[in-house]
>>> print(open('start.txt').read())   # compact mmCIF, C-alpha atoms and all ligand atoms
# COMPACT_ATOMS: atom_id res chain seq x y z
CA MET A 78 0.00 0.00 0.00
CA HIS A 79 1.47 3.33 -1.10
CA GLU A 80 1.49 6.17 1.40
CA ARG A 81 0.07 9.20 -0.41
CA LEU A 82 1.95 12.37 0.52
CA LEU A 83 0.44 14.75 -2.02
CA SER A 84 -2.95 14.58 -3.60
CA VAL A 85 -4.05 17.29 -6.06
CA ARG A 86 -7.59 17.04 -7.41
CA ASP A 87 -9.16 19.15 -10.19
CA LEU A 88 -7.02 22.08 -9.16
CA SER A 89 -7.42 25.50 -10.74
CA ALA A 90 -5.20 28.38 -9.62
CA GLY A 91 -3.94 31.63 -11.02
CA TYR A 92 -3.48 35.32 -10.41
CA ALA A 93 -6.02 38.03 -9.51
CA GLY A 94 -8.78 35.44 -9.71
CA VAL A 95 -7.93 34.44 -13.29
CA PRO A 96 -6.98 30.76 -13.59
CA VAL A 97 -3.80 29.85 -15.46
CA ILE A 98 -3.95 26.17 -14.51
CA ARG A 99 -7.17 24.18 -14.77
CA GLY A 100 -8.34 20.74 -13.72
CA VAL A 101 -4.89 19.56 -12.59
CA ASN A 102 -4.79 16.10 -11.01
CA LEU A 103 -1.56 14.66 -9.68
CA HIS A 104 -0.14 12.76 -6.75
CA VAL A 105 3.15 11.87 -5.09
CA ASP A 106 3.66 8.82 -2.88
CA ARG A 107 6.27 8.11 -0.23
CA GLY A 108 9.73 7.49 -1.71
CA GLU A 109 8.69 8.60 -5.20
CA VAL A 110 10.39 11.15 -7.43
CA VAL A 111 7.84 12.73 -9.75
CA SER A 112 8.72 15.23 -12.50
CA LEU A 113 6.43 18.01 -13.60
CA LEU A 114 7.51 18.88 -17.15
CA GLY A 115 6.31 21.22 -19.86
CA PRO A 116 7.31 24.27 -21.88
CA ASN A 117 7.78 27.79 -20.50
CA GLY A 118 4.51 29.23 -19.30
CA ALA A 119 2.75 25.85 -19.09
CA GLY A 120 1.84 26.46 -15.45
CA LYS A 121 4.39 24.37 -13.56
CA THR A 122 5.47 27.05 -11.06
CA THR A 123 1.84 28.07 -10.55
CA THR A 124 0.99 24.45 -9.74
CA LEU A 125 3.84 24.21 -7.21
CA SER A 126 2.80 27.50 -5.60
CA ALA A 127 -0.75 26.25 -5.14
CA VAL A 128 0.53 22.95 -3.73
CA SER A 129 2.61 24.82 -1.14
CA GLY A 130 -0.25 27.11 -0.21
CA LEU A 131 1.50 30.20 -1.58
CA LEU A 132 -1.37 30.69 -4.02
CA PRO A 133 -5.03 29.97 -3.23
CA ALA A 134 -6.87 27.27 -5.13
CA LEU A 135 -9.64 28.79 -7.25
CA ALA A 136 -11.23 25.34 -7.55
CA GLY A 137 -10.37 21.79 -6.57
CA SER A 138 -8.26 20.67 -3.64
CA VAL A 139 -4.71 20.00 -2.46
CA GLU A 140 -3.92 17.59 0.35
CA VAL A 141 -0.39 17.52 1.71
CA LEU A 142 0.43 14.74 4.17
CA GLY A 143 -3.24 13.92 4.60
CA GLU A 144 -4.45 17.42 5.38
CA PRO A 145 -5.94 20.10 3.14
CA VAL A 146 -3.59 22.93 2.29
CA THR A 147 -4.71 26.37 3.23
CA HIS A 148 -3.00 29.31 1.59
CA LYS A 149 -3.84 31.36 4.69
CA ALA A 150 -1.23 29.52 6.75
CA PRO A 151 1.48 28.07 4.49
CA PHE A 152 3.82 27.76 7.51
CA ARG A 153 1.56 24.97 8.80
CA ASN A 154 2.50 22.93 5.75
CA ALA A 155 6.16 23.50 6.54
CA ARG A 156 5.63 22.31 10.11
CA ARG A 157 3.93 19.18 8.83
CA GLY A 158 6.94 18.33 6.66
CA LEU A 159 6.67 20.15 3.35
CA ALA A 160 9.76 21.90 2.00
CA HIS A 161 9.58 24.05 -1.12
CA VAL A 162 12.84 24.99 -2.85
CA PRO A 163 11.67 27.83 -5.10
CA GLU A 164 12.90 28.87 -8.53
CA GLY A 165 15.59 31.54 -8.17
CA ARG A 166 16.89 30.10 -4.85
CA SER A 167 15.63 32.97 -2.63
CA LEU A 168 18.55 32.84 -0.20
CA PHE A 169 19.52 35.50 2.32
CA PHE A 170 22.54 36.82 0.48
CA ASP A 171 23.89 38.90 3.39
CA LEU A 172 23.86 35.91 5.75
CA THR A 173 26.46 33.17 5.82
CA VAL A 174 25.90 29.71 4.41
CA GLY A 175 25.63 28.37 7.97
CA ASP A 176 23.06 30.98 8.99
CA ASN A 177 20.98 30.31 5.89
CA LEU A 178 20.93 26.65 6.88
CA ARG A 179 20.17 27.36 10.54
CA LEU A 180 17.10 29.39 9.50
CA GLY A 181 15.62 26.18 8.16
CA LEU A 182 16.19 24.22 11.36
CA VAL A 183 13.19 23.31 13.46
CA GLY A 184 12.64 21.03 16.45
CA PRO A 185 14.68 20.43 19.61
CA ARG A 186 18.32 21.55 19.69
CA PRO A 187 20.11 18.14 19.72
CA GLY A 188 18.13 17.01 16.68
CA ARG A 189 19.02 20.18 14.82
CA ARG A 190 22.74 19.41 14.71
CA ALA A 191 22.01 15.95 13.31
CA ALA A 192 19.65 17.41 10.69
CA MET A 193 22.34 19.88 9.61
CA ASP A 194 24.94 17.10 9.38
CA ARG A 195 22.61 14.95 7.28
CA ALA A 196 21.91 17.85 4.89
CA LEU A 197 25.66 18.49 4.57
CA GLU A 198 26.24 14.81 3.77
CA TYR A 199 24.29 15.38 0.56
CA PHE A 200 26.23 18.58 -0.19
CA PRO A 201 29.71 18.12 1.34
CA ALA A 202 31.04 21.04 -0.74
CA LEU A 203 29.13 23.38 1.61
CA ALA A 204 30.87 22.17 4.78
CA PRO A 205 34.12 24.14 4.28
CA ILE A 206 32.28 27.36 3.36
CA LEU A 207 29.76 27.62 6.19
CA ASP A 208 31.16 31.05 7.14
CA ARG A 209 31.03 32.50 3.64
CA ARG A 210 28.29 34.98 2.73
CA ALA A 211 25.65 33.35 0.51
CA GLY A 212 25.87 36.29 -1.92
CA LEU A 213 29.50 35.37 -2.70
CA LEU A 214 28.71 31.80 -3.78
CA SER A 215 28.73 30.59 -7.37
CA GLY A 216 25.38 29.72 -8.99
CA GLY A 217 25.95 26.02 -8.38
CA GLU A 218 26.90 26.58 -4.75
CA GLN A 219 23.82 28.75 -4.22
CA GLN A 220 21.61 26.04 -5.64
CA MET A 221 23.26 23.47 -3.35
CA LEU A 222 22.59 25.77 -0.42
CA ALA A 223 18.94 26.24 -1.41
CA MET A 224 18.54 22.46 -1.61
CA ALA A 225 20.39 21.90 1.67
CA ARG A 226 18.20 24.50 3.36
CA GLY A 227 15.18 22.50 2.22
CA LEU A 228 16.74 19.29 3.51
CA VAL A 229 17.61 20.53 7.01
CA THR A 230 13.86 20.63 7.67
CA GLU A 231 13.92 16.83 7.08
CA PRO A 232 10.94 17.08 4.72
CA ARG A 233 8.47 14.31 4.05
CA LEU A 234 7.45 16.06 0.84
CA LEU A 235 10.11 18.02 -1.05
CA ILE A 236 9.14 20.36 -3.88
CA VAL A 237 11.93 21.62 -6.11
CA ASP A 238 11.30 24.25 -8.78
CA GLU A 239 13.90 24.31 -11.59
CA MET A 240 17.03 23.64 -9.62
CA SER A 241 18.94 23.78 -12.89
CA LEU A 242 18.08 27.40 -13.67
CA GLY A 243 21.28 29.06 -14.88
CA LEU A 244 23.47 26.04 -14.10
CA ALA A 245 25.81 24.21 -16.46
CA PRO A 246 24.39 20.82 -17.54
CA ILE A 247 27.29 19.02 -15.85
CA VAL A 248 26.31 20.57 -12.49
CA VAL A 249 22.69 19.55 -13.06
CA GLU A 250 23.86 16.01 -13.84
CA ARG A 251 25.47 15.90 -10.40
CA MET A 252 22.61 17.54 -8.50
CA LEU A 253 19.57 15.68 -9.83
CA PRO A 254 20.75 12.25 -8.60
CA ILE A 255 20.90 13.77 -5.09
CA VAL A 256 17.15 14.25 -5.31
CA ARG A 257 16.83 10.55 -6.08
CA ARG A 258 19.06 9.68 -3.12
CA VAL A 259 16.96 11.81 -0.77
CA ALA A 260 13.80 9.94 -1.83
CA ASP A 261 15.48 6.52 -1.58
CA GLU A 262 17.23 7.12 1.73
CA SER A 263 14.68 9.21 3.65
CA GLY A 264 11.45 7.99 2.07
CA ALA A 265 10.47 11.57 1.23
CA GLY A 266 8.27 12.12 -1.79
CA VAL A 267 9.77 14.59 -4.27
CA LEU A 268 8.04 16.70 -6.91
CA VAL A 269 10.50 18.38 -9.29
CA VAL A 270 9.98 20.91 -12.03
CA GLU A 271 12.82 20.63 -14.50
CA GLN A 272 13.64 21.83 -18.01
CA HIS A 273 16.26 19.14 -18.60
CA ILE A 274 13.66 16.58 -19.62
CA HIS A 275 15.84 13.51 -20.06
CA MET A 276 17.90 14.08 -16.95
CA ALA A 277 14.70 14.57 -14.97
CA LEU A 278 13.11 11.41 -16.37
CA SER A 279 16.26 9.41 -15.63
CA ILE A 280 15.89 10.01 -11.88
CA SER A 281 12.07 9.95 -11.72
CA ASP A 282 9.54 7.20 -11.16
CA ARG A 283 6.72 9.03 -12.91
CA ALA A 284 6.14 12.29 -14.74
CA TYR A 285 3.38 14.67 -15.75
CA ILE A 286 3.64 16.83 -18.87
CA MET A 287 1.80 20.13 -18.65
CA SER A 288 0.72 22.22 -21.59
CA HIS A 289 -1.37 25.41 -21.60
CA GLY A 290 -2.24 25.10 -17.91
CA GLU A 291 -3.41 21.49 -18.04
CA VAL A 292 -1.85 18.07 -17.55
CA ALA A 293 -1.61 16.76 -21.10
CA HIS A 294 0.16 13.43 -20.42
CA GLU A 295 1.33 11.35 -17.52
CA GLY A 296 2.99 8.01 -17.03
CA PRO A 297 5.98 6.06 -15.78
CA ALA A 298 9.19 8.00 -16.46
CA HIS A 299 10.84 5.16 -18.40
CA GLU A 300 7.85 4.97 -20.76
CA LEU A 301 7.61 8.71 -21.32
CA ALA A 302 11.36 8.80 -22.02
CA GLN A 303 10.68 6.65 -25.12
CA ARG A 304 7.96 8.95 -26.43
CA SER A 305 9.82 11.91 -27.81
CA GLU A 306 6.79 12.78 -29.98
CA LEU A 307 4.86 13.80 -26.85
CA PHE A 308 7.57 16.22 -25.83
CA GLU A 309 8.02 17.60 -29.33
CA ALA A 310 4.29 18.23 -29.61
CA SER A 311 4.04 19.72 -26.15
CA TYR A 312 7.15 21.87 -26.26
CA LEU A 313 6.46 22.98 -29.82
CA GLY A 314 2.85 23.79 -28.96
CA ASP A 315 1.22 21.21 -31.22
CA LEU A 316 -0.29 18.69 -28.84
CA GLY A 317 -3.24 18.03 -31.14
CA ASP A 318 -1.03 15.91 -33.42
CA ALA A 319 0.40 13.72 -30.67
CA ALA A 320 -0.98 10.32 -29.89
CA PRO A 321 -2.84 10.22 -26.56
CA SER A 322 -1.00 8.54 -23.69
P1 LIG B 401 8.59 28.50 -16.78
O1 LIG B 401 9.06 27.14 -17.19
O2 LIG B 401 8.88 29.55 -17.81
O3 LIG B 401 9.01 28.89 -15.38
P2 LIG B 401 5.93 27.66 -15.90
O4 LIG B 401 5.46 26.42 -16.60
O5 LIG B 401 6.47 27.50 -14.53
O6 LIG B 401 6.96 28.45 -16.81
P3 LIG B 401 4.18 29.62 -14.73
O7 LIG B 401 5.30 30.43 -14.19
O8 LIG B 401 3.35 28.84 -13.81
O9 LIG B 401 4.70 28.65 -15.89
O10 LIG B 401 3.25 30.62 -15.57
C1 LIG B 401 2.01 30.19 -16.15
C2 LIG B 401 1.29 31.42 -16.70
O11 LIG B 401 0.96 32.28 -15.61
C3 LIG B 401 2.12 32.24 -17.67
O12 LIG B 401 1.29 32.66 -18.72
C4 LIG B 401 2.59 33.42 -16.83
O13 LIG B 401 2.70 34.57 -17.64
C5 LIG B 401 1.45 33.60 -15.84
N1 LIG B 401 1.94 34.12 -14.56
C6 LIG B 401 2.95 33.64 -13.80
N2 LIG B 401 3.14 34.36 -12.69
C7 LIG B 401 2.21 35.36 -12.75
C8 LIG B 401 1.88 36.48 -11.90
N3 LIG B 401 2.54 36.68 -10.75
N4 LIG B 401 0.87 37.28 -12.28
C9 LIG B 401 0.20 37.06 -13.43
N5 LIG B 401 0.45 36.05 -14.28
C10 LIG B 401 1.45 35.21 -13.95
>>> encode(input="start.txt", output="structure tokens")
Amino acid sequence: MHERLLSVRDLSAGYAGVPVIRGVNLHVDRGEVVSLLGPNGAGKTTTLSAVSGLLPALAGSVEVLGEPVTHKAPFRNARRGLAHVPEGRSLFFDLTVGDNLRLGLVGPRPGRRAAMDRALEYFPALAPILDRRAGLLSGGEQQMLAMARGLVTEPRLLIVDEMSLGLAPIVVERMLPIVRRVADESGAGVLVVEQHIHMALSISDRAYIMSHGEVAHEGPAHELAQRSELFEASYLGDLGDAAPS
């Protein structure tokens, strides 16, 4: 029996009351890595924001860890075990690496040290630069820090929005497998938005392809990886010609 960590049903969300995503259904189970793919503007970030409670649902529902998400108190989702690593990293650039990490720490003091150590095990390159200001880090180091800050909360559901933004493909190749490790080792469910389609599919169990604010296709990652026509149609804006999944 799979433990459902995220359940999104018929979700519509958008800005100023105007929906940009409609009828989105998706789920993430314990230990799963799930990719949310699709061209620019398809609605991936909007979906993640509604999942985290940063944006209100205009219709439908989002359940995180068995409880409905309310956008009025997104911190409650964080307390329950949801970590959202947003696009653009949103670090505190004037604070040190260590202080950025400490801001993510919750729970009793002895457990905090262990949580920090575990996060640094995934990103050992951060350990020697804990005293450096986050604003002085390279793009890759900043992304590692953003991920590590998500991990120090010991999330049960980790949401990662375009970790590869602005990074060299070789850095992405090193970072994406860490997401897989987190899911395998901690049992967390992970939902990733990623533009590097094949790298994302290679570390995912399942994937959803969004187009024009809707989920156009979904399936096991290894099957979708064989269906380049779906991606061509979706990313080139011609889904009508693609075979249904
Ligand atoms: P990308 O891959 O380029 O990040 P995306 O799939 O994440 O794109 P979203 O960022 O969710 O797409 O945007 C979906 C649509 O919502 C786009 O048409 C975008 O212009 C619009 N949108 C995004 N943010 C806002 C906002 N704050 N106010 C109004 N419209 C917005």
>>> residues_near_ligand(input="start.txt", ligand="ligand LIG 401 (chain B)", cutoff="10 Å", atoms="all atoms listed in the file", output="PDB file with C-alpha atoms, keeping the file's coordinate frame")
ATOM      1  CA  ALA A  90      -5.200  28.380  -9.620  1.00  0.00           C
ATOM      2  CA  GLY A  91      -3.940  31.630 -11.020  1.00  0.00           C
ATOM      3  CA  TYR A  92      -3.480  35.320 -10.410  1.00  0.00           C
ATOM      4  CA  ALA A  93      -6.020  38.030  -9.510  1.00  0.00           C
ATOM      5  CA  GLY A  94      -8.780  35.440  -9.710  1.00  0.00           C
ATOM      6  CA  VAL A  95      -7.930  34.440 -13.290  1.00  0.00           C
ATOM      7  CA  PRO A  96      -6.980  30.760 -13.590  1.00  0.00           C
ATOM      8  CA  VAL A  97      -3.800  29.850 -15.460  1.00  0.00           C
ATOM      9  CA  ILE A  98      -3.950  26.170 -14.510  1.00  0.00           C
ATOM     10  CA  LEU A 113       6.430  18.010 -13.600  1.00  0.00           C
ATOM     11  CA  LEU A 114       7.510  18.880 -17.150  1.00  0.00           C
ATOM     12  CA  GLY A 115       6.310  21.220 -19.860  1.00  0.00           C
ATOM     13  CA  PRO A 116       7.310  24.270 -21.880  1.00  0.00           C
ATOM     14  CA  ASN A 117       7.780  27.790 -20.500  1.00  0.00           C
ATOM     15  CA  GLY A 118       4.510  29.230 -19.300  1.00  0.00           C
ATOM     16  CA  ALA A 119       2.750  25.850 -19.090  1.00  0.00           C
ATOM     17  CA  GLY A 120       1.840  26.460 -15.450  1.00  0.00           C
ATOM     18  CA  LYS A 121       4.390  24.370 -13.560  1.00  0.00           C
ATOM     19  CA  THR A 122       5.470  27.050 -11.060  1.00  0.00           C
ATOM     20  CA  THR A 123       1.840  28.070 -10.550  1.00  0.00           C
ATOM     21  CA  THR A 124       0.990  24.450  -9.740  1.00  0.00           C
ATOM     22  CA  LEU A 125       3.840  24.210  -7.210  1.00  0.00           C
ATOM     23  CA  SER A 126       2.800  27.500  -5.600  1.00  0.00           C
ATOM     24  CA  ALA A 127      -0.750  26.250  -5.140  1.00  0.00           C
ATOM     25  CA  LEU A 132      -1.370  30.690  -4.020  1.00  0.00           C
ATOM     26  CA  GLU A 164      12.900  28.870  -8.530  1.00  0.00           C
ATOM     27  CA  ASP A 238      11.300  24.250  -8.780  1.00  0.00           C
ATOM     28  CA  GLU A 239      13.900  24.310 -11.590  1.00  0.00           C
ATOM     29  CA  LEU A 242      18.080  27.400 -13.670  1.00  0.00           C
ATOM     30  CA  VAL A 270       9.980  20.910 -12.030  1.00  0.00           C
ATOM     31  CA  GLU A 271      12.820  20.630 -14.500  1.00  0.00           C
ATOM     32  CA  GLN A 272      13.640  21.830 -18.010  1.00  0.00           C
ATOM     33  CA  MET A 287       1.800  20.130 -18.650  1.00  0.00           C
ATOM     34  CA  SER A 288       0.720  22.220 -21.590  1.00  0.00           C
ATOM     35  CA  HIS A 289      -1.370  25.410 -21.600  1.00  0.00           C
ATOM     36  CA  GLY A 290      -2.240  25.100 -17.910  1.00  0.00           C
TER      37      GLY A 290
END
>>> closest_residue(input="start.txt", among="A:Glu262, A:Glu80, A:Asp171, A:Glu250", to="His275 of chain A", atoms="all atoms listed in the file")
A:Glu250
>>> closest_atom_pairs(input="start.txt", of="segment 229-253 of chain A", to="segment 211-216 of chain A", cutoff="10 Å", atoms="all atoms listed in the file", output="Markdown table")
| residue | atom | partner | partner_atom | distance |
| --- | --- | --- | --- | --- |
| A:Ser241 | CA | A:Gly216 | CA | 9.6 |
| A:Leu242 | CA | A:Gly216 | CA | 9.0 |
| A:Gly243 | CA | A:Gly216 | CA | 7.2 |
| A:Leu244 | CA | A:Gly216 | CA | 6.6 |
| A:Ala245 | CA | A:Gly216 | CA | 9.3 |
| A:Val248 | CA | A:Gly216 | CA | 9.8 |
>>> write_last_selection(input="start.txt", atoms="C-alpha atoms", output="PDB file, in the coordinates of the input")
ATOM      1  CA  SER A 241      18.940  23.780 -12.890  1.00  0.00           C
ATOM      2  CA  LEU A 242      18.080  27.400 -13.670  1.00  0.00           C
ATOM      3  CA  GLY A 243      21.280  29.060 -14.880  1.00  0.00           C
ATOM      4  CA  LEU A 244      23.470  26.040 -14.100  1.00  0.00           C
ATOM      5  CA  ALA A 245      25.810  24.210 -16.460  1.00  0.00           C
ATOM      6  CA  VAL A 248      26.310  20.570 -12.490  1.00  0.00           C
TER       7      VAL A 248
END
>>> closest_residue(input="start.txt", among="A:Arg156, A:Leu168, A:Ala298, A:Arg81", to="Glu140 of chain A", atoms="all atoms listed in the file")
A:Arg81
>>> residues_around(input="start.txt", residues="His79 of chain A", least_positions_apart="2", cutoff="10 Å", atoms="only C-alpha atoms", output="VMD selection string")
chain A and resid 81 to 82 105 to 109
>>> write_last_selection(input="start.txt", atoms="C-alpha atoms", output="compact mmCIF listing (two decimals), in the coordinates of the input")
# COMPACT_ATOMS: atom_id res chain seq x y z
CA ARG A 81 0.07 9.20 -0.41
CA LEU A 82 1.95 12.37 0.52
CA VAL A 105 3.15 11.87 -5.09
CA ASP A 106 3.66 8.82 -2.88
CA ARG A 107 6.27 8.11 -0.23
CA GLY A 108 9.73 7.49 -1.71
CA GLU A 109 8.69 8.60 -5.20
>>> residues_around(input="start.txt", residues="Glu300 of chain A", least_positions_apart="3", cutoff="12 Å", atoms="only C-alpha atoms", output="list of chain:residue names")
A:His275, A:Leu278, A:Ser279, A:Ser281, A:Asp282, A:Arg283, A:Ala284, A:Tyr285, A:His294, A:Glu295, A:Gly296, A:Pro297, A:Gln303, A:Arg304, A:Ser305, A:Leu307, A:Ser322
>>> axis_aligned_box(input="start.txt", around="segment 273-280 of chain A", padding_each_side="3 Å", output="JSON")
{"center_x": 15.5, "center_y": 14.3, "center_z": -16.0, "size_x": 10.8, "size_y": 15.7, "size_z": 14.2}
>>> atom_distance(input="start.txt", atom1="atom CA of Ala155 of chain A", atom2="atom CA of Arg226 of chain A")
12.5 Å
